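Novice: Below is a structure I'd like to ask you about.
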Amino acid sequence: MSRIHEALKKAEEQRSAEHEMHIEPPLASAPEVVPDPISMPVAAVPPLADERDRRTVSAAMPSFGTGLSVESLLSRCVAGHWTPDRKTMLFFNGDEQGYGTEEFRTLRSRLYQLRDRLPLKKVLVTSALPKEGKSFVAANLAQVLVQQQGRRTLLIDGDLRGARLHNALGTESSPGLTEYLLGEADEFAILQRGPMDNLFFIPCGRKVTSPAELVANGRLKTLLNRLEPLFDWMVLDSPPAVPVSDAGLLANYCDGVLMVVRSNSTPFDMARKARQEFSGKQLVGVVLNGIDQGNSYSQYYYDAYGKPNGKNEQR
Ligand SMILES: Nc1ncnc2c1ncn2[C@@H]1O[C@H](COP(=O)(O)OP(=O)(O)OP(=O)(O)O)[C@@H](O)[C@H]1O
Ligand SMILES: [Mg+2]
């Protein structure tokens with residue numbers, strides 16, 4: 001009996017030892033969903049800004065830190081409460097066919113054609129003399145550029161002497177460029193985001209006694225370099241090129257210069273002198289501003305096709 005008892009006891013011990021050693025495999029975790037490369041859609045067009053925003057952009061912008069999206073960076077901007085001057089800001093009227101808008105669309109096409117051939121993102125708008133329409137052209141160029149969905153544009157008031165763009169937009173002039181150049185504010189403290197999708201604005205900032213020295217102090221280059229990856233276009237307004245040197249300094253940091261000439265106003269020798277100021281720079285075009293309505297090609301076009309005066313609507 002005792003041997004039988006011992007055998008039973010041994011068998012029992014063996015079973016319980018086997019049971020203890022039997023380890024159930026853990027439940028398999030849910031398989032990772034690996035996209036099937038064949039069934040994934042192929043992107044036919046380059047991504048627009050909205051789509052790029054969802055991606056992290058730390059590689060392109062190491063200066064802002066890692067793992068940040070464009071949208072999270074832009075959420076640091078100042079919320080601009082703009083009340084635009086509708087006479088100057090042609091595209092804020094909601095009238096896509098308003099007078100002058102077609103010319104700005106043509107200008108936009110020309111810039112895109114140029115961009116196919118050369119690097120072009122930072123455009124300086126200048127002219128020989130005061131009151132020739134630099135700010136008007138800069139403001140409307142920036143607006144027409146954001147009419148194309150997903151094209152993010154930064155408008156910068158680089159006229160530290162007679163800044164007026166903040167009036168056109170109906171917003172604060174400060175803090176702005178001068179505060180950044182003086183080292184008193186960072187880029188997001190001066191960057192305004194207004195009601196028009198994808199249009200951003202840096203005003204001139206407070207008045208300073210030595211604007212040319214400030215523009216040349218090296219911080220403008222840093223600012224443009226840091227912000228460049230966030231935008232598709234950067235449009236800089238400037239003071240007149242003949243009386244002061246600022247526009248020439250600003251041009252050093254831009255990819256191209258757009259020259260404004262006022263019809264029946266800018267003297268030929270002044271236009272030529274301004275051109276010489278930018279002799280080493282890329283002149284991307286000349287805007288003939290303020291031409292007679294009767295001479296405007298788009299006026300002719302609209303008359304012929306019945307817009308916007310409605311005379312020929314039956315055609
Ligand atoms: N094509 C245009 N149609 C209507 N108004 C215009 C046009 N061009 C300029 N203006 C107006 O003329 C005035 C002078 O234009 P703007 O301020 O753009 O010139 P500017 O060259 O920037 O002058 P400044 O050298 O003083 O900065 C503004 O009131 C502007 O709204
Ligand atoms: Mg101006």
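The way I read the labels, and the way they are meant: chains A, B, ... in the order of the structure tokens, residue 1 as the first residue of every chain, and ligand 1 as the first ligand shown, with later ones counted on from there.
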Neighbours of ligand 1 at 6 Å or closer, counting only C-alpha atoms and all ligand atoms: which residues, as a list of chain:residue names?
Specialist: A:Thr88, A:Pro130, A:Lys131, A:Glu132, A:Gly133, A:Lys134, A:Ser135, A:Phe136, A:Gly162, A:Pro239, A:Pro240, A:Asn289, A:Gly290
Novice: Take the residues just selected and output them with C-alpha atoms as a short mmCIF file (atom, residue, chain, number, x, y, z; two decimals), in the first residue's frame.
Specialist:
data_model
loop_
_atom_site.label_atom_id
_atom_site.label_comp_id
_atom_site.auth_asym_id
_atom_site.auth_seq_id
_atom_site.Cartn_x
_atom_site.Cartn_y
_atom_site.Cartn_z
CA THR A 88 -7.20 99.83 -51.13
CA PRO A 130 6.86 108.35 -52.97
CA LYS A 131 3.18 107.80 -53.74
CA GLU A 132 3.65 105.64 -56.80
CA GLY A 133 1.59 102.75 -55.42
CA LYS A 134 4.12 100.41 -53.75
CA SER A 135 1.91 99.70 -50.75
CA PHE A 136 -1.19 99.38 -52.93
CA GLY A 162 6.30 106.05 -43.94
CA PRO A 239 10.18 102.99 -49.00
CA PRO A 240 11.01 104.69 -52.31
CA ASN A 289 0.24 101.59 -61.96
CA GLY A 290 -2.65 103.99 -62.33
#
Novice: Leaving out A:Phe92 and any residue of its chain fewer than 4 positions from it, which residues lie within 12 Å of it when counting only C-alpha atoms, given as a list of chain:residue names?
Specialist: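 Here the answer would be A:Trp82, A:Thr83, A:Pro84, A:Asp85, A:Arg86, A:Lys87, A:Thr88, A:Glu96, A:Gln97, A:Gly98, A:Thr101, A:Ala139, A:Asn140, A:Ala142, A:Gln143, A:Val144, A:Val146, A:Gln147, A:Ala168, A:Leu169, A:Gly170, A:Gly194, A:Pro195, A:Met196, A:Asp197, A:Leu199.
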Novice: Any chance you can output those residues with C-alpha atoms as a CSV table (one decimal), in the first residue's frame?
Specialist:
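The resulting out16.csv:
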chain,number,residue,atom,x,y,z
A,82,TRP,CA,-8.6,93.9,-39.1
A,83,THR,CA,-11.0,96.5,-40.5
A,84,PRO,CA,-9.6,96.8,-44.1
A,85,ASP,CA,-9.9,99.9,-46.1
A,86,ARG,CA,-12.0,98.6,-48.9
A,87,LYS,CA,-10.8,101.1,-51.5
A,88,THR,CA,-7.2,99.8,-51.1
A,96,GLU,CA,-13.9,88.7,-57.5
A,97,GLN,CA,-14.4,90.8,-60.6
A,98,GLY,CA,-14.0,94.2,-59.1
A,101,THR,CA,-8.6,92.5,-59.6
A,139,ALA,CA,-1.2,94.7,-50.4
A,140,ASN,CA,-3.2,93.5,-53.4
A,142,ALA,CA,-0.5,89.4,-51.2
A,143,GLN,CA,-4.3,89.2,-51.3
A,144,VAL,CA,-4.5,87.7,-54.8
A,146,VAL,CA,-4.0,83.8,-51.1
A,147,GLN,CA,-7.0,83.5,-53.4
A,168,ALA,CA,-4.9,99.6,-45.4
A,169,LEU,CA,-5.5,96.6,-43.2
A,170,GLY,CA,-7.1,98.6,-40.4
A,194,GLY,CA,-6.4,88.2,-39.8
A,195,PRO,CA,-9.8,87.2,-41.2
A,196,MET,CA,-8.6,86.4,-44.7
A,197,ASP,CA,-7.6,82.7,-44.9
A,199,LEU,CA,-2.9,85.9,-45.2
Novice: Which is closer to ligand 2 than all the others in A:Ile190, A:Ala241, A:Arg226, A:Ala212, using only C-alpha atoms and all ligand atoms?
Specialist: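 Distance minimum relative to ligand 2 lands on A:Ala241.
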Novice: Counting only C-alpha atoms and all ligand atoms, figure out which residue out of A:Arg275, A:Arg161, A:Arg151, A:Arg110 gets nearest to ligand 2.
Specialist: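 So, comparing all the options, the nearest one is A:Arg161.
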Novice: Rounded to one decimal place, report the atom CA of A:Arg206-atom CA of A:Asp255 distance in Å.
Specialist: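 Spanning atom CA of A:Arg206 to atom CA of A:Asp255 is a straight-line distance of 26.6 Å.
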Novice: Taking only C-alpha atoms and all ligand atoms into account, which of A:Leu214, A:Cys77, A:Cys204, A:Leu90 comes nearest ligand 2?
Specialist: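 Among the listed residues, the smallest separation from ligand 2 belongs to A:Cys204.
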Novice: So how far away is atom CA of A:Lys207 from atom CA of A:Leu181, in Å?
Specialist: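 Spanning atom CA of A:Leu181 to atom CA of A:Lys207 is a straight-line distance of 12.2 Å.
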Novice: Within stretch 22-242 of chain A, find each residue whose DSSP state, derived from the backbone, is strand (DSSP E or B), and express the selection as an NGL selection string.
Specialist: :A and (56 or 69 or 78-79 or 122-127 or 153-157 or 192-193 or 199-202 or 233-237)
Novice: For the selection just defined, write its residues with N, CA and C atoms to a file, as a PDB file, in the first residue's frame.
Specialist:
ATOM      1  N   THR A  56       4.592  66.760 -39.387  1.00  0.00           N
ATOM      2  CA  THR A  56       5.541  67.475 -38.540  1.00  0.00           C
ATOM      3  C   THR A  56       6.615  68.057 -39.438  1.00  0.00           C
ATOM      4  N   SER A  69       3.987  71.009 -35.827  1.00  0.00           N
ATOM      5  CA  SER A  69       3.384  71.198 -37.148  1.00  0.00           C
ATOM      6  C   SER A  69       3.334  72.695 -37.451  1.00  0.00           C
ATOM      7  N   VAL A  78      -0.369  86.515 -33.342  1.00  0.00           N
ATOM      8  CA  VAL A  78      -1.317  87.475 -32.767  1.00  0.00           C
ATOM      9  C   VAL A  78      -2.600  87.418 -33.601  1.00  0.00           C
ATOM     10  N   ALA A  79      -3.758  87.387 -32.924  1.00  0.00           N
ATOM     11  CA  ALA A  79      -5.033  87.436 -33.660  1.00  0.00           C
ATOM     12  C   ALA A  79      -5.282  88.880 -34.078  1.00  0.00           C
ATOM     13  N   LYS A 122      10.433  85.358 -51.870  1.00  0.00           N
ATOM     14  CA  LYS A 122      10.461  86.658 -51.185  1.00  0.00           C
ATOM     15  C   LYS A 122      10.546  87.765 -52.239  1.00  0.00           C
ATOM     16  N   VAL A 123       9.460  88.530 -52.371  1.00  0.00           N
ATOM     17  CA  VAL A 123       9.377  89.553 -53.415  1.00  0.00           C
ATOM     18  C   VAL A 123       9.342  90.934 -52.767  1.00  0.00           C
ATOM     19  N   LEU A 124      10.268  91.786 -53.150  1.00  0.00           N
ATOM     20  CA  LEU A 124      10.291  93.168 -52.658  1.00  0.00           C
ATOM     21  C   LEU A 124       9.546  94.050 -53.645  1.00  0.00           C
ATOM     22  N   VAL A 125       8.573  94.819 -53.131  1.00  0.00           N
ATOM     23  CA  VAL A 125       7.842  95.759 -53.990  1.00  0.00           C
ATOM     24  C   VAL A 125       8.405  97.153 -53.727  1.00  0.00           C
ATOM     25  N   THR A 126       8.872  97.796 -54.790  1.00  0.00           N
ATOM     26  CA  THR A 126       9.467  99.117 -54.601  1.00  0.00           C
ATOM     27  C   THR A 126       9.169 100.016 -55.790  1.00  0.00           C
ATOM     28  N   SER A 127       9.602 101.262 -55.680  1.00  0.00           N
ATOM     29  CA  SER A 127       9.463 102.210 -56.799  1.00  0.00           C
ATOM     30  C   SER A 127      10.472 103.321 -56.574  1.00  0.00           C
ATOM     31  N   THR A 153       0.501  83.287 -47.464  1.00  0.00           N
ATOM     32  CA  THR A 153       1.311  84.447 -47.845  1.00  0.00           C
ATOM     33  C   THR A 153       1.536  85.370 -46.649  1.00  0.00           C
ATOM     34  N   LEU A 154       2.753  85.863 -46.561  1.00  0.00           N
ATOM     35  CA  LEU A 154       3.105  86.816 -45.506  1.00  0.00           C
ATOM     36  C   LEU A 154       3.387  88.172 -46.151  1.00  0.00           C
ATOM     37  N   LEU A 155       2.683  89.182 -45.685  1.00  0.00           N
ATOM     38  CA  LEU A 155       2.894  90.565 -46.134  1.00  0.00           C
ATOM     39  C   LEU A 155       3.661  91.287 -45.031  1.00  0.00           C
ATOM     40  N   ILE A 156       4.778  91.910 -45.409  1.00  0.00           N
ATOM     41  CA  ILE A 156       5.622  92.583 -44.411  1.00  0.00           C
ATOM     42  C   ILE A 156       5.735  94.061 -44.766  1.00  0.00           C
ATOM     43  N   ASP A 157       5.468  94.910 -43.796  1.00  0.00           N
ATOM     44  CA  ASP A 157       5.675  96.335 -44.021  1.00  0.00           C
ATOM     45  C   ASP A 157       7.130  96.672 -43.715  1.00  0.00           C
ATOM     46  N   GLN A 192       0.774  88.852 -37.390  1.00  0.00           N
ATOM     47  CA  GLN A 192      -0.681  88.925 -37.228  1.00  0.00           C
ATOM     48  C   GLN A 192      -1.384  87.987 -38.207  1.00  0.00           C
ATOM     49  N   ARG A 193      -2.427  87.356 -37.680  1.00  0.00           N
ATOM     50  CA  ARG A 193      -3.261  86.501 -38.525  1.00  0.00           C
ATOM     51  C   ARG A 193      -4.655  87.117 -38.525  1.00  0.00           C
ATOM     52  N   LEU A 199      -3.675  84.673 -45.110  1.00  0.00           N
ATOM     53  CA  LEU A 199      -2.944  85.945 -45.231  1.00  0.00           C
ATOM     54  C   LEU A 199      -2.441  86.367 -43.847  1.00  0.00           C
ATOM     55  N   PHE A 200      -1.145  86.570 -43.753  1.00  0.00           N
ATOM     56  CA  PHE A 200      -0.497  86.960 -42.492  1.00  0.00           C
ATOM     57  C   PHE A 200       0.206  88.295 -42.714  1.00  0.00           C
ATOM     58  N   PHE A 201       0.414  89.025 -41.619  1.00  0.00           N
ATOM     59  CA  PHE A 201       0.932  90.385 -41.757  1.00  0.00           C
ATOM     60  C   PHE A 201       1.895  90.723 -40.619  1.00  0.00           C
ATOM     61  N   ILE A 202       3.026  91.319 -41.006  1.00  0.00           N
ATOM     62  CA  ILE A 202       3.937  91.894 -40.008  1.00  0.00           C
ATOM     63  C   ILE A 202       3.945  93.405 -40.229  1.00  0.00           C
ATOM     64  N   TRP A 233       4.587  82.405 -50.129  1.00  0.00           N
ATOM     65  CA  TRP A 233       5.058  83.679 -50.667  1.00  0.00           C
ATOM     66  C   TRP A 233       5.299  84.640 -49.518  1.00  0.00           C
ATOM     67  N   MET A 234       6.296  85.528 -49.705  1.00  0.00           N
ATOM     68  CA  MET A 234       6.523  86.609 -48.744  1.00  0.00           C
ATOM     69  C   MET A 234       6.653  87.892 -49.557  1.00  0.00           C
ATOM     70  N   VAL A 235       5.785  88.859 -49.279  1.00  0.00           N
ATOM     71  CA  VAL A 235       5.758  90.110 -50.047  1.00  0.00           C
ATOM     72  C   VAL A 235       6.178  91.240 -49.110  1.00  0.00           C
ATOM     73  N   LEU A 236       7.240  91.954 -49.492  1.00  0.00           N
ATOM     74  CA  LEU A 236       7.746  93.036 -48.646  1.00  0.00           C
ATOM     75  C   LEU A 236       7.491  94.385 -49.299  1.00  0.00           C
ATOM     76  N   ASP A 237       6.858  95.272 -48.552  1.00  0.00           N
ATOM     77  CA  ASP A 237       6.686  96.655 -49.002  1.00  0.00           C
ATOM     78  C   ASP A 237       7.942  97.425 -48.591  1.00  0.00           C
TER      79      ASP A 237
END
